[in-house]
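A.B. asks: Below you'll find entry24.pdb; it's PDB, C-alpha atoms.
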ATOM      1  CA  MET A   1       0.000   0.000   0.000  1.00  0.00           C
ATOM      2  CA  LYS A   2       1.122   3.571  -0.697  1.00  0.00           C
ATOM      3  CA  ILE A   3       1.034   5.518   2.572  1.00  0.00           C
ATOM      4  CA  LEU A   4       1.588   9.209   3.199  1.00  0.00           C
ATOM      5  CA  VAL A   5       2.834   9.971   6.711  1.00  0.00           C
ATOM      6  CA  THR A   6       2.462  13.510   8.033  1.00  0.00           C
ATOM      7  CA  ASN A   7       2.069  15.274  11.383  1.00  0.00           C
ATOM      8  CA  ASP A   8       1.606  18.641  13.085  1.00  0.00           C
ATOM      9  CA  ASP A   9       4.754  18.588  15.245  1.00  0.00           C
ATOM     10  CA  GLY A  10       7.021  19.193  12.264  1.00  0.00           C
ATOM     11  CA  ILE A  11       9.378  17.331   9.973  1.00  0.00           C
ATOM     12  CA  HIS A  12      12.039  16.750  12.631  1.00  0.00           C
ATOM     13  CA  CYS A  13       9.735  15.161  15.231  1.00  0.00           C
ATOM     14  CA  GLU A  14      10.774  11.692  16.374  1.00  0.00           C
ATOM     15  CA  GLY A  15       7.189  10.399  16.295  1.00  0.00           C
ATOM     16  CA  LEU A  16       7.000  11.051  12.561  1.00  0.00           C
ATOM     17  CA  ARG A  17      10.271   9.224  11.921  1.00  0.00           C
ATOM     18  CA  VAL A  18       9.366   6.213  14.067  1.00  0.00           C
ATOM     19  CA  LEU A  19       5.937   5.865  12.416  1.00  0.00           C
ATOM     20  CA  ALA A  20       7.394   6.081   8.904  1.00  0.00           C
ATOM     21  CA  GLU A  21      10.087   3.530   9.703  1.00  0.00           C
ATOM     22  CA  GLU A  22       7.623   1.043  11.192  1.00  0.00           C
ATOM     23  CA  LEU A  23       5.071   1.292   8.380  1.00  0.00           C
ATOM     24  CA  GLY A  24       7.892   1.218   5.835  1.00  0.00           C
ATOM     25  CA  ARG A  25       8.634  -2.386   6.808  1.00  0.00           C
ATOM     26  CA  ASP A  26       5.547  -3.518   4.885  1.00  0.00           C
ATOM     27  CA  HIS A  27       4.494  -0.611   2.673  1.00  0.00           C
ATOM     28  CA  GLU A  28       5.690   2.157   0.380  1.00  0.00           C
ATOM     29  CA  VAL A  29       5.879   5.156   2.709  1.00  0.00           C
ATOM     30  CA  TRP A  30       6.457   8.805   1.813  1.00  0.00           C
ATOM     31  CA  VAL A  31       6.759  11.609   4.348  1.00  0.00           C
ATOM     32  CA  PHE A  32       5.312  15.075   3.708  1.00  0.00           C
ATOM     33  CA  SER A  33       5.197  17.256   6.801  1.00  0.00           C
ATOM     34  CA  PRO A  34       5.227  20.931   7.851  1.00  0.00           C
ATOM     35  CA  ASP A  35       8.660  22.505   8.231  1.00  0.00           C
ATOM     36  CA  GLY A  36       7.962  23.438  11.865  1.00  0.00           C
ATOM     37  CA  ASP A  37       5.605  22.910  14.765  1.00  0.00           C
ATOM     38  CA  ARG A  38       1.942  23.425  13.788  1.00  0.00           C
ATOM     39  CA  SER A  39       0.353  22.098  16.982  1.00  0.00           C
ATOM     40  CA  GLY A  40      -3.139  23.489  17.575  1.00  0.00           C
ATOM     41  CA  SER A  41      -3.504  24.576  13.943  1.00  0.00           C
ATOM     42  CA  SER A  42      -6.754  22.601  13.565  1.00  0.00           C
ATOM     43  CA  HIS A  43      -7.894  22.450   9.911  1.00  0.00           C
ATOM     44  CA  SER A  44      -6.136  25.655   8.942  1.00  0.00           C
ATOM     45  CA  MET A  45      -5.030  25.904   5.282  1.00  0.00           C
ATOM     46  CA  THR A  46      -2.780  28.212   3.271  1.00  0.00           C
ATOM     47  CA  LEU A  47      -4.989  30.199   0.897  1.00  0.00           C
ATOM     48  CA  ARG A  48      -3.548  33.673   0.296  1.00  0.00           C
ATOM     49  CA  SER A  49       0.143  32.951  -0.091  1.00  0.00           C
ATOM     50  CA  PRO A  50       2.104  30.274  -1.956  1.00  0.00           C
ATOM     51  CA  GLY A  51       3.118  27.120  -0.187  1.00  0.00           C
ATOM     52  CA  LYS A  52       6.825  26.329  -0.367  1.00  0.00           C
ATOM     53  CA  VAL A  53       7.781  22.674  -0.822  1.00  0.00           C
ATOM     54  CA  ARG A  54      11.267  21.224  -0.370  1.00  0.00           C
ATOM     55  CA  ALA A  55      12.517  17.695  -1.071  1.00  0.00           C
ATOM     56  CA  LEU A  56      14.806  16.424   1.688  1.00  0.00           C
ATOM     57  CA  ASP A  57      15.392  13.060   0.021  1.00  0.00           C
ATOM     58  CA  GLU A  58      13.649  10.825  -2.517  1.00  0.00           C
ATOM     59  CA  ARG A  59      10.641  10.114  -0.297  1.00  0.00           C
ATOM     60  CA  THR A  60      10.758  12.912   2.282  1.00  0.00           C
ATOM     61  CA  TYR A  61       9.255  16.340   1.659  1.00  0.00           C
ATOM     62  CA  THR A  62       8.419  19.328   3.785  1.00  0.00           C
ATOM     63  CA  CYS A  63       6.290  22.412   3.230  1.00  0.00           C
ATOM     64  CA  SER A  64       5.722  25.844   4.723  1.00  0.00           C
ATOM     65  CA  GLY A  65       2.033  25.193   5.312  1.00  0.00           C
ATOM     66  CA  MET A  66      -0.197  23.264   7.664  1.00  0.00           C
ATOM     67  CA  PRO A  67      -0.860  19.520   8.075  1.00  0.00           C
ATOM     68  CA  ALA A  68      -3.994  19.777   5.928  1.00  0.00           C
ATOM     69  CA  ASP A  69      -1.923  21.566   3.264  1.00  0.00           C
ATOM     70  CA  CYS A  70       0.451  18.602   3.088  1.00  0.00           C
ATOM     71  CA  VAL A  71      -2.423  16.268   2.226  1.00  0.00           C
ATOM     72  CA  ILE A  72      -3.992  18.695  -0.253  1.00  0.00           C
ATOM     73  CA  LEU A  73      -0.690  19.355  -2.011  1.00  0.00           C
ATOM     74  CA  ALA A  74       0.106  15.652  -2.210  1.00  0.00           C
ATOM     75  CA  PHE A  75      -3.208  15.003  -3.938  1.00  0.00           C
ATOM     76  CA  ARG A  76      -2.787  17.948  -6.301  1.00  0.00           C
ATOM     77  CA  GLY A  77       0.613  16.820  -7.552  1.00  0.00           C
ATOM     78  CA  ALA A  78       3.107  18.889  -5.538  1.00  0.00           C
ATOM     79  CA  ILE A  79       5.065  15.702  -4.867  1.00  0.00           C
ATOM     80  CA  PRO A  80       5.436  12.678  -7.206  1.00  0.00           C
ATOM     81  CA  PHE A  81       3.238  10.437  -5.075  1.00  0.00           C
ATOM     82  CA  ARG A  82      -0.489   9.848  -4.669  1.00  0.00           C
ATOM     83  CA  PRO A  83      -1.368   8.100  -1.402  1.00  0.00           C
ATOM     84  CA  GLU A  84      -3.885   5.349  -0.790  1.00  0.00           C
ATOM     85  CA  LEU A  85      -3.833   6.035   2.955  1.00  0.00           C
ATOM     86  CA  VAL A  86      -2.778   8.947   5.172  1.00  0.00           C
ATOM     87  CA  VAL A  87      -1.461   8.269   8.666  1.00  0.00           C
ATOM     88  CA  SER A  88      -0.909  11.425  10.718  1.00  0.00           C
ATOM     89  CA  GLY A  89       1.362  11.381  13.777  1.00  0.00           C
ATOM     90  CA  ILE A  90       2.631  10.145  16.032  1.00  0.00           C
ATOM     91  CA  ASN A  91       1.572  13.227  17.964  1.00  0.00           C
ATOM     92  CA  ARG A  92       3.554  14.248  21.023  1.00  0.00           C
ATOM     93  CA  GLY A  93       0.702  14.284  23.559  1.00  0.00           C
ATOM     94  CA  PRO A  94      -2.932  13.127  23.498  1.00  0.00           C
ATOM     95  CA  ASN A  95      -5.676  14.135  21.108  1.00  0.00           C
ATOM     96  CA  LEU A  96      -8.642  13.083  23.196  1.00  0.00           C
ATOM     97  CA  GLY A  97     -12.207  14.339  23.143  1.00  0.00           C
ATOM     98  CA  THR A  98     -12.282  18.113  22.738  1.00  0.00           C
ATOM     99  CA  ASP A  99      -8.637  18.093  21.611  1.00  0.00           C
ATOM    100  CA  ILE A 100      -9.843  16.832  18.227  1.00  0.00           C
ATOM    101  CA  VAL A 101     -11.298  20.277  17.476  1.00  0.00           C
ATOM    102  CA  TYR A 102      -7.886  21.934  17.778  1.00  0.00           C
ATOM    103  CA  SER A 103      -5.649  19.174  16.474  1.00  0.00           C
ATOM    104  CA  GLY A 104      -3.613  19.571  13.302  1.00  0.00           C
ATOM    105  CA  THR A 105      -2.869  15.852  13.549  1.00  0.00           C
ATOM    106  CA  ALA A 106      -6.582  15.084  13.308  1.00  0.00           C
ATOM    107  CA  ALA A 107      -7.028  17.617  10.495  1.00  0.00           C
ATOM    108  CA  ALA A 108      -4.601  15.791   8.204  1.00  0.00           C
ATOM    109  CA  ALA A 109      -6.533  12.544   8.684  1.00  0.00           C
ATOM    110  CA  ARG A 110      -9.809  14.374   8.097  1.00  0.00           C
ATOM    111  CA  GLN A 111      -8.465  15.933   4.908  1.00  0.00           C
ATOM    112  CA  ALA A 112      -7.517  12.498   3.593  1.00  0.00           C
ATOM    113  CA  VAL A 113     -11.126  11.339   3.963  1.00  0.00           C
ATOM    114  CA  LEU A 114     -12.307  14.467   2.148  1.00  0.00           C
ATOM    115  CA  HIS A 115     -10.178  13.207  -0.760  1.00  0.00           C
ATOM    116  CA  GLY A 116     -11.855   9.812  -0.568  1.00  0.00           C
ATOM    117  CA  ILE A 117      -9.170   7.708   1.120  1.00  0.00           C
ATOM    118  CA  PRO A 118      -8.733   6.464   4.709  1.00  0.00           C
ATOM    119  CA  GLY A 119      -7.202   8.802   7.260  1.00  0.00           C
ATOM    120  CA  ILE A 120      -5.812   7.727  10.627  1.00  0.00           C
ATOM    121  CA  ALA A 121      -4.590  10.126  13.330  1.00  0.00           C
ATOM    122  CA  VAL A 122      -2.242   8.639  15.925  1.00  0.00           C
ATOM    123  CA  SER A 123      -1.236  10.224  19.236  1.00  0.00           C
ATOM    124  CA  LEU A 124       0.873   9.166  22.190  1.00  0.00           C
ATOM    125  CA  ALA A 125      -1.224  10.123  25.224  1.00  0.00           C
ATOM    126  CA  SER A 126       1.717  11.245  27.321  1.00  0.00           C
ATOM    127  CA  TYR A 127       3.135  14.598  28.377  1.00  0.00           C
ATOM    128  CA  GLY A 128       6.711  13.378  28.606  1.00  0.00           C
ATOM    129  CA  PRO A 129       9.319  14.352  29.445  1.00  0.00           C
ATOM    130  CA  ALA A 130      10.478  11.256  27.543  1.00  0.00           C
ATOM    131  CA  PHE A 131       8.352   9.964  24.668  1.00  0.00           C
ATOM    132  CA  ASP A 132       8.548   6.330  23.534  1.00  0.00           C
ATOM    133  CA  PHE A 133       6.737   6.293  20.193  1.00  0.00           C
ATOM    134  CA  ARG A 134       7.635   2.724  19.237  1.00  0.00           C
ATOM    135  CA  PRO A 135       4.662   0.936  20.917  1.00  0.00           C
ATOM    136  CA  ALA A 136       2.191   3.240  19.145  1.00  0.00           C
ATOM    137  CA  ALA A 137       3.918   2.661  15.815  1.00  0.00           C
ATOM    138  CA  ARG A 138       3.887  -1.097  16.360  1.00  0.00           C
ATOM    139  CA  PHE A 139       0.159  -1.009  17.138  1.00  0.00           C
ATOM    140  CA  VAL A 140      -0.653   0.813  13.895  1.00  0.00           C
ATOM    141  CA  ARG A 141       1.517  -1.486  11.801  1.00  0.00           C
ATOM    142  CA  SER A 142       0.257  -4.765  13.297  1.00  0.00           C
ATOM    143  CA  ASN A 143      -3.398  -3.675  13.281  1.00  0.00           C
ATOM    144  CA  LEU A 144      -3.494  -1.736  10.031  1.00  0.00           C
ATOM    145  CA  GLY A 145      -5.848  -4.231   8.385  1.00  0.00           C
ATOM    146  CA  ALA A 146      -8.319  -4.021  11.268  1.00  0.00           C
ATOM    147  CA  LEU A 147      -8.131  -0.227  11.297  1.00  0.00           C
ATOM    148  CA  LEU A 148      -8.864  -0.061   7.579  1.00  0.00           C
ATOM    149  CA  ALA A 149     -11.746  -2.503   7.984  1.00  0.00           C
ATOM    150  CA  ALA A 150     -13.248  -0.189  10.629  1.00  0.00           C
ATOM    151  CA  TRP A 151     -13.032   2.853   8.339  1.00  0.00           C
ATOM    152  CA  ASP A 152     -15.790   4.159   6.104  1.00  0.00           C
ATOM    153  CA  ALA A 153     -16.065   7.271   3.967  1.00  0.00           C
ATOM    154  CA  SER A 154     -17.907   9.262   6.671  1.00  0.00           C
ATOM    155  CA  VAL A 155     -15.184   9.110   9.320  1.00  0.00           C
ATOM    156  CA  PHE A 156     -11.511   9.273  10.101  1.00  0.00           C
ATOM    157  CA  LEU A 157      -9.982   7.166  12.851  1.00  0.00           C
ATOM    158  CA  ASN A 158      -8.452   8.829  15.894  1.00  0.00           C
ATOM    159  CA  VAL A 159      -6.077   6.554  17.810  1.00  0.00           C
ATOM    160  CA  ASN A 160      -4.675   7.421  21.246  1.00  0.00           C
ATOM    161  CA  VAL A 161      -2.052   5.132  22.748  1.00  0.00           C
ATOM    162  CA  PRO A 162      -1.224   5.350  26.482  1.00  0.00           C
ATOM    163  CA  PRO A 163       2.420   5.517  27.524  1.00  0.00           C
ATOM    164  CA  GLY A 164       4.439   2.441  28.422  1.00  0.00           C
ATOM    165  CA  PRO A 165       6.746  -0.020  26.676  1.00  0.00           C
ATOM    166  CA  ASP A 166       3.974  -2.646  26.430  1.00  0.00           C
ATOM    167  CA  ALA A 167       1.126  -0.286  25.492  1.00  0.00           C
ATOM    168  CA  ASP A 168       0.578  -2.010  22.150  1.00  0.00           C
ATOM    169  CA  THR A 169      -0.170  -5.339  23.880  1.00  0.00           C
ATOM    170  CA  ARG A 170      -2.632  -4.170  26.554  1.00  0.00           C
ATOM    171  CA  GLY A 171      -5.630  -4.098  24.244  1.00  0.00           C
ATOM    172  CA  ALA A 172      -7.646  -1.550  22.298  1.00  0.00           C
ATOM    173  CA  VAL A 173     -11.304  -0.539  22.385  1.00  0.00           C
ATOM    174  CA  PHE A 174     -13.640   1.485  20.220  1.00  0.00           C
ATOM    175  CA  THR A 175     -14.582   4.688  22.028  1.00  0.00           C
ATOM    176  CA  ARG A 176     -16.526   7.937  21.760  1.00  0.00           C
ATOM    177  CA  PRO A 177     -14.880  11.343  22.146  1.00  0.00           C
ATOM    178  CA  GLY A 178     -14.914  12.459  25.755  1.00  0.00           C
ATOM    179  CA  LYS A 179     -14.916  16.045  26.981  1.00  0.00           C
ATOM    180  CA  ARG A 180     -11.849  17.988  28.060  1.00  0.00           C
ATOM    181  CA  THR A 181     -12.003  21.223  30.066  1.00  0.00           C
ATOM    182  CA  TYR A 182      -8.862  23.348  29.750  1.00  0.00           C
ATOM    183  CA  ARG A 183      -7.930  25.479  32.752  1.00  0.00           C
ATOM    184  CA  ASP A 184      -5.450  27.784  31.054  1.00  0.00           C
ATOM    185  CA  SER A 185      -3.881  30.860  32.609  1.00  0.00           C
ATOM    186  CA  LEU A 186      -3.218  34.129  30.806  1.00  0.00           C
ATOM    187  CA  HIS A 187      -0.059  36.085  31.524  1.00  0.00           C
ATOM    188  CA  THR A 188       0.436  39.514  29.951  1.00  0.00           C
ATOM    189  CA  PHE A 189       3.381  41.817  29.428  1.00  0.00           C
ATOM    190  CA  GLU A 190       3.142  45.496  28.491  1.00  0.00           C
ATOM    191  CA  ALA A 191       5.986  46.008  26.026  1.00  0.00           C
ATOM    192  CA  PRO A 192       7.756  49.247  25.065  1.00  0.00           C
ATOM    193  CA  ASP A 193       6.522  48.829  21.480  1.00  0.00           C
ATOM    194  CA  GLY A 194       2.965  49.582  22.652  1.00  0.00           C
ATOM    195  CA  PHE A 195       1.664  46.022  22.360  1.00  0.00           C
ATOM    196  CA  THR A 196       0.384  43.832  25.155  1.00  0.00           C
ATOM    197  CA  TYR A 197       2.001  40.408  24.837  1.00  0.00           C
ATOM    198  CA  CYS A 198      -0.304  37.593  25.941  1.00  0.00           C
ATOM    199  CA  PHE A 199       0.994  34.183  26.992  1.00  0.00           C
ATOM    200  CA  LEU A 200      -1.325  31.212  27.560  1.00  0.00           C
ATOM    201  CA  THR A 201       0.036  28.555  29.889  1.00  0.00           C
ATOM    202  CA  GLY A 202      -1.651  25.207  30.263  1.00  0.00           C
ATOM    203  CA  GLU A 203      -2.758  24.128  33.699  1.00  0.00           C
ATOM    204  CA  THR A 204      -4.685  21.004  34.685  1.00  0.00           C
ATOM    205  CA  ILE A 205      -7.098  19.482  32.173  1.00  0.00           C
ATOM    206  CA  ASP A 206     -10.300  17.943  33.485  1.00  0.00           C
ATOM    207  CA  ASN A 207     -11.563  14.857  31.657  1.00  0.00           C
ATOM    208  CA  ALA A 208     -15.230  13.990  31.570  1.00  0.00           C
ATOM    209  CA  GLY A 209     -17.064  11.253  29.769  1.00  0.00           C
ATOM    210  CA  GLU A 210     -18.835   7.979  30.139  1.00  0.00           C
ATOM    211  CA  GLU A 211     -17.108   4.652  30.474  1.00  0.00           C
ATOM    212  CA  ALA A 212     -16.979   4.350  26.673  1.00  0.00           C
ATOM    213  CA  ALA A 213     -15.139   7.683  26.264  1.00  0.00           C
ATOM    214  CA  ASP A 214     -11.642   7.824  24.806  1.00  0.00           C
ATOM    215  CA  THR A 215     -10.437   9.613  27.937  1.00  0.00           C
ATOM    216  CA  SER A 216     -11.666   6.760  30.149  1.00  0.00           C
ATOM    217  CA  ALA A 217     -10.050   4.097  27.975  1.00  0.00           C
ATOM    218  CA  VAL A 218      -6.641   5.764  28.026  1.00  0.00           C
ATOM    219  CA  ASP A 219      -6.884   6.366  31.777  1.00  0.00           C
ATOM    220  CA  SER A 220      -7.445   2.599  32.105  1.00  0.00           C
ATOM    221  CA  GLY A 221      -4.310   1.846  30.095  1.00  0.00           C
ATOM    222  CA  LEU A 222      -6.126   0.839  26.899  1.00  0.00           C
ATOM    223  CA  ILE A 223      -5.674   2.140  23.368  1.00  0.00           C
ATOM    224  CA  ALA A 224      -8.654   4.258  22.279  1.00  0.00           C
ATOM    225  CA  VAL A 225      -9.838   3.982  18.662  1.00  0.00           C
ATOM    226  CA  THR A 226     -12.492   6.575  17.841  1.00  0.00           C
ATOM    227  CA  LYS A 227     -14.489   7.063  14.666  1.00  0.00           C
ATOM    228  CA  VAL A 228     -14.831  10.815  14.120  1.00  0.00           C
ATOM    229  CA  LEU A 229     -17.363  12.176  11.635  1.00  0.00           C
ATOM    230  CA  VAL A 230     -15.786  14.243   8.873  1.00  0.00           C
ATOM    231  CA  ASP A 231     -18.773  16.339   7.827  1.00  0.00           C
ATOM    232  CA  PRO A 232     -20.804  18.537  10.215  1.00  0.00           C
ATOM    233  CA  GLN A 233     -23.896  16.701  11.366  1.00  0.00           C
ATOM    234  CA  VAL A 234     -27.239  18.094  12.529  1.00  0.00           C
ATOM    235  CA  PRO A 235     -28.300  16.893  16.003  1.00  0.00           C
ATOM    236  CA  PRO A 236     -31.203  14.406  15.767  1.00  0.00           C
ATOM    237  CA  ALA A 237     -33.668  16.689  17.602  1.00  0.00           C
ATOM    238  CA  PHE A 238     -32.818  19.775  15.524  1.00  0.00           C
ATOM    239  CA  PRO A 239     -35.853  20.939  13.497  1.00  0.00           C
ATOM    240  CA  ALA A 240     -34.121  20.909  10.117  1.00  0.00           C
ATOM    241  CA  GLY A 241     -36.355  22.253   7.352  1.00  0.00           C
ATOM    242  CA  GLN A 242     -38.617  24.263   9.636  1.00  0.00           C
ATOM    243  CA  ARG A 243     -38.859  28.030   9.439  1.00  0.00           C
ATOM    244  CA  PHE A 244     -36.819  30.097  11.873  1.00  0.00           C
ATOM    245  CA  PRO A 245     -37.709  31.305  14.443  1.00  0.00           C
TER     246      PRO A 245
END
Could I get this file's structure written as structure tokens?
C.D. replies:
Amino acid sequence: MKILVTNDDGIHCEGLRVLAEELGRDHEVWVFSPDGDRSGSSHSMTLRSPGKVRALDERTYTCSGMPADCVILAFRGAIPFRPELVVSGINRGPNLGTDIVYSGTAAAARQAVLHGIPGIAVSLASYGPAFDFRPAARFVRSNLGALLAAWDASVFLNVNVPPGPDADTRGAVFTRPGKRTYRDSLHTFEAPDGFTYCFLTGETIDNAGEEAADTSAVDSGLIAVTKVLVDPQVPPAFPAGQRFP
């Protein structure tokens, strides 16, 4: 299979390298990733300026844009490769529940599905300081057939792997997105140039969700595999078609 590997942490991230190496044991793998950290970029795209693409070697490319740009450009011929599958990651840190809204890792997988092929986002649900990406990469490689069988054209797959050297052997479950409440702090600095510089620092994150939530699965030491709808959906009770108000 022809697989495009990308991420939102940037071309030099170890998780990207480990994932590409592991999948490359069985498949034709090309890497096309942003040239720097794009964490939290969500589904942002480059529209009003040109994207700059650079070949680092025969199968490794980088661009000045966002994770979604990498997938779009690959499909539009910016690199000599058309993928059959996009695997995005391995992200440094979790993409659980509400994180999916902000995640550039998830956006690349979503963009793949918008082009009609499977997209899988993979994250290591750890905050470090040391990150062992190998168990997550092994899980994706050894379960790729099952992951593809679970995919359909309405969803991308969001995989979160807990930390630990044996994480890939502890088991995996299908989950729903949980809810994450971010308790950030804002620090400001009045600069001589007349601007107020604002710095957001992350504090504790509260997880909420039922037993079947991705947050609960990871907290229990299991790998969470979540099907995430690609297109906006109307809630079942919403009176679609009725006059407003």
A.B. asks: For stretch 65-77 of chain A, work out the shell of residues within 10 Å, counting all atoms listed in the file and skipping chain neighbours fewer than 5 positions away, then give it as a PyMOL selection string.
C.D. replies: chain A and resi 4-10+31-39+41-47+49-53+82-83+86+88+103-112+114-115
A.B. asks: Can you tell me how far atom CA of A:Phe133 sits from atom CA of A:Ala121, in Å to one decimal?
C.D. replies: 13.8 Å
A.B. asks: Pick the closest to A:Thr215 from A:Gly24, A:Pro177, A:Pro80, A:Gly40: which is it, counting all atoms listed in the file?
C.D. replies: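 Among the listed residues, the smallest separation from A:Thr215 belongs to A:Pro177.
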A.B. asks: Taking only C-alpha atoms into account, name the residue in A:Ala150, A:Lys227, A:Arg54, A:Arg170 that is nearest to A:Ala136.
C.D. replies: A:Arg170
A.B. asks: Mind pulling up the distance from atom CA of A:Gly93 to atom CA of A:Tyr127?
C.D. replies: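 So the two atoms, atom CA of A:Tyr127 and atom CA of A:Gly93, lie 5.4 Å apart.
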A.B. asks: Could you name the residues that touch A:Leu157 at 8 Å or less, counting all atoms listed in the file, but leaving out those on the same chain fewer than 2 positions away, as JSON, numbers by chain?
C.D. replies: {"A": [109, 119, 120, 121, 147, 151, 155, 159, 225, 226, 227, 228]}
A.B. asks: Between A:Asp168, A:Glu190, A:Glu28, A:Glu21, which one has atoms that come closest to A:Leu124, using only C-alpha atoms?
C.D. replies: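 Closest residue, counting only C-alpha atoms: A:Asp168.
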A.B. asks: Need the shell around A:Asp152: protein/DNA/RNA residues with any atom at most 10 Å away, counting all atoms listed in the file. Skip same-chain ones fewer than 4 positions apart. Format as a VMD selection string?
C.D. replies: chain A and resid 113 116 to 119 148 156 to 157 227 229
A.B. asks: Those residues with C-alpha atoms, as a short mmCIF file (atom, residue, chain, number, x, y, z; two decimals), keeping the file's coordinate frame please?
C.D. replies:
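Once written, out-v4.cif looks like this:
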data_model
loop_
_atom_site.label_atom_id
_atom_site.label_comp_id
_atom_site.auth_asym_id
_atom_site.auth_seq_id
_atom_site.Cartn_x
_atom_site.Cartn_y
_atom_site.Cartn_z
CA VAL A 113 -11.13 11.34 3.96
CA GLY A 116 -11.86 9.81 -0.57
CA ILE A 117 -9.17 7.71 1.12
CA PRO A 118 -8.73 6.46 4.71
CA GLY A 119 -7.20 8.80 7.26
CA LEU A 148 -8.86 -0.06 7.58
CA PHE A 156 -11.51 9.27 10.10
CA LEU A 157 -9.98 7.17 12.85
CA LYS A 227 -14.49 7.06 14.67
CA LEU A 229 -17.36 12.18 11.64
#
A.B. asks: Which one of A:Thr98, A:Thr62, A:Ser123, A:Ser220 sits closest to A:Lys179 if you count only C-alpha atoms?
C.D. replies: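 Going through A:Thr98, A:Thr62, A:Ser123, A:Ser220 one by one, the smallest distance to A:Lys179 is for A:Thr98.
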A.B. asks: What is the atom CA of A:Gly97 to atom CA of A:Gln233 distance in Å?
C.D. replies: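 Spanning atom CA of A:Gly97 to atom CA of A:Gln233 is a straight-line distance of 16.8 Å.
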A.B. asks: Just the residues within 12 Å of A:Arg183, please, counting all atoms listed in the file, with nothing from its chain fewer than 3 positions along; format it as an MDAnalysis selection string.
C.D. replies: chainID A and resid 180 186 200:207
A.B. asks: Output as lines of an AutoDock Vina configuration file the centre and edge lengths (Å, one decimal) of the box along x, y and z of the file that holds every listed atom of stretch 138-156 of chain A after adding 4 Å on each side.
C.D. replies:
center_x = -7.0
center_y = 2.3
center_z = 10.6
size_x = 29.8
size_y = 22.0
size_z = 21.2
A.B. asks: Identify the residues around (4.3, -3.1, 2.5) within a radius of 10 Å, measuring from only C-alpha atoms in the coordinates stated by the file, and give them as JSON, numbers by chain.
C.D. replies: {"A": [1, 2, 3, 23, 24, 25, 26, 27, 28, 29, 141]}
A.B. asks: A:Leu96, A:Val161, A:Gly194, A:Tyr102: which is nearest A:Gly178, counting all atoms listed in the file?
C.D. replies: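 Looking only at the distances to A:Gly178, the closest residue turns out to be A:Leu96.
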A.B. asks: Using all atoms listed in the file, which of A:Pro94, A:Leu56, A:Tyr61, A:Asp99 sits nearest A:Trp30?
C.D. replies: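 Answer, going by the shortest atom-to-atom distance: A:Tyr61.
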A.B. asks: Model the absent atoms of stretch 140-152 of chain A so that N, CA and C atoms are present, and write the result as a PDB file, in the coordinates of the input.
C.D. replies:
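For reference, selection_5.pdb as written:
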ATOM      1  N   VAL A 140      -0.089   0.445  15.195  1.00  0.00           N
ATOM      2  CA  VAL A 140      -0.653   0.813  13.895  1.00  0.00           C
ATOM      3  C   VAL A 140      -0.238  -0.193  12.835  1.00  0.00           C
ATOM      4  N   ARG A 141       1.042  -0.542  12.822  1.00  0.00           N
ATOM      5  CA  ARG A 141       1.517  -1.486  11.801  1.00  0.00           C
ATOM      6  C   ARG A 141       0.835  -2.838  11.925  1.00  0.00           C
ATOM      7  N   SER A 142       0.780  -3.412  13.130  1.00  0.00           N
ATOM      8  CA  SER A 142       0.257  -4.765  13.297  1.00  0.00           C
ATOM      9  C   SER A 142      -1.261  -4.829  13.189  1.00  0.00           C
ATOM     10  N   ASN A 143      -1.931  -3.691  13.343  1.00  0.00           N
ATOM     11  CA  ASN A 143      -3.398  -3.675  13.281  1.00  0.00           C
ATOM     12  C   ASN A 143      -3.928  -2.858  12.110  1.00  0.00           C
ATOM     13  N   LEU A 144      -3.071  -2.603  11.131  1.00  0.00           N
ATOM     14  CA  LEU A 144      -3.494  -1.736  10.031  1.00  0.00           C
ATOM     15  C   LEU A 144      -4.693  -2.315   9.286  1.00  0.00           C
ATOM     16  N   GLY A 145      -4.710  -3.617   9.066  1.00  0.00           N
ATOM     17  CA  GLY A 145      -5.848  -4.231   8.385  1.00  0.00           C
ATOM     18  C   GLY A 145      -7.147  -4.028   9.135  1.00  0.00           C
ATOM     19  N   ALA A 146      -7.110  -4.203  10.457  1.00  0.00           N
ATOM     20  CA  ALA A 146      -8.319  -4.021  11.268  1.00  0.00           C
ATOM     21  C   ALA A 146      -8.755  -2.557  11.287  1.00  0.00           C
ATOM     22  N   LEU A 147      -7.791  -1.645  11.323  1.00  0.00           N
ATOM     23  CA  LEU A 147      -8.131  -0.227  11.297  1.00  0.00           C
ATOM     24  C   LEU A 147      -8.798   0.147   9.975  1.00  0.00           C
ATOM     25  N   LEU A 148      -8.269  -0.358   8.881  1.00  0.00           N
ATOM     26  CA  LEU A 148      -8.864  -0.061   7.579  1.00  0.00           C
ATOM     27  C   LEU A 148     -10.252  -0.695   7.452  1.00  0.00           C
ATOM     28  N   ALA A 149     -10.432  -1.858   8.025  1.00  0.00           N
ATOM     29  CA  ALA A 149     -11.746  -2.503   7.984  1.00  0.00           C
ATOM     30  C   ALA A 149     -12.774  -1.711   8.777  1.00  0.00           C
ATOM     31  N   ALA A 150     -12.335  -0.987   9.809  1.00  0.00           N
ATOM     32  CA  ALA A 150     -13.248  -0.189  10.629  1.00  0.00           C
ATOM     33  C   ALA A 150     -13.588   1.144   9.990  1.00  0.00           C
ATOM     34  N   TRP A 151     -12.840   1.542   8.963  1.00  0.00           N
ATOM     35  CA  TRP A 151     -13.032   2.853   8.339  1.00  0.00           C
ATOM     36  C   TRP A 151     -14.175   2.824   7.340  1.00  0.00           C
ATOM     37  N   ASP A 152     -14.891   3.937   7.235  1.00  0.00           N
ATOM     38  CA  ASP A 152     -15.790   4.159   6.104  1.00  0.00           C
ATOM     39  C   ASP A 152     -15.689   5.616   5.698  1.00  0.00           C
TER      40      ASP A 152
END
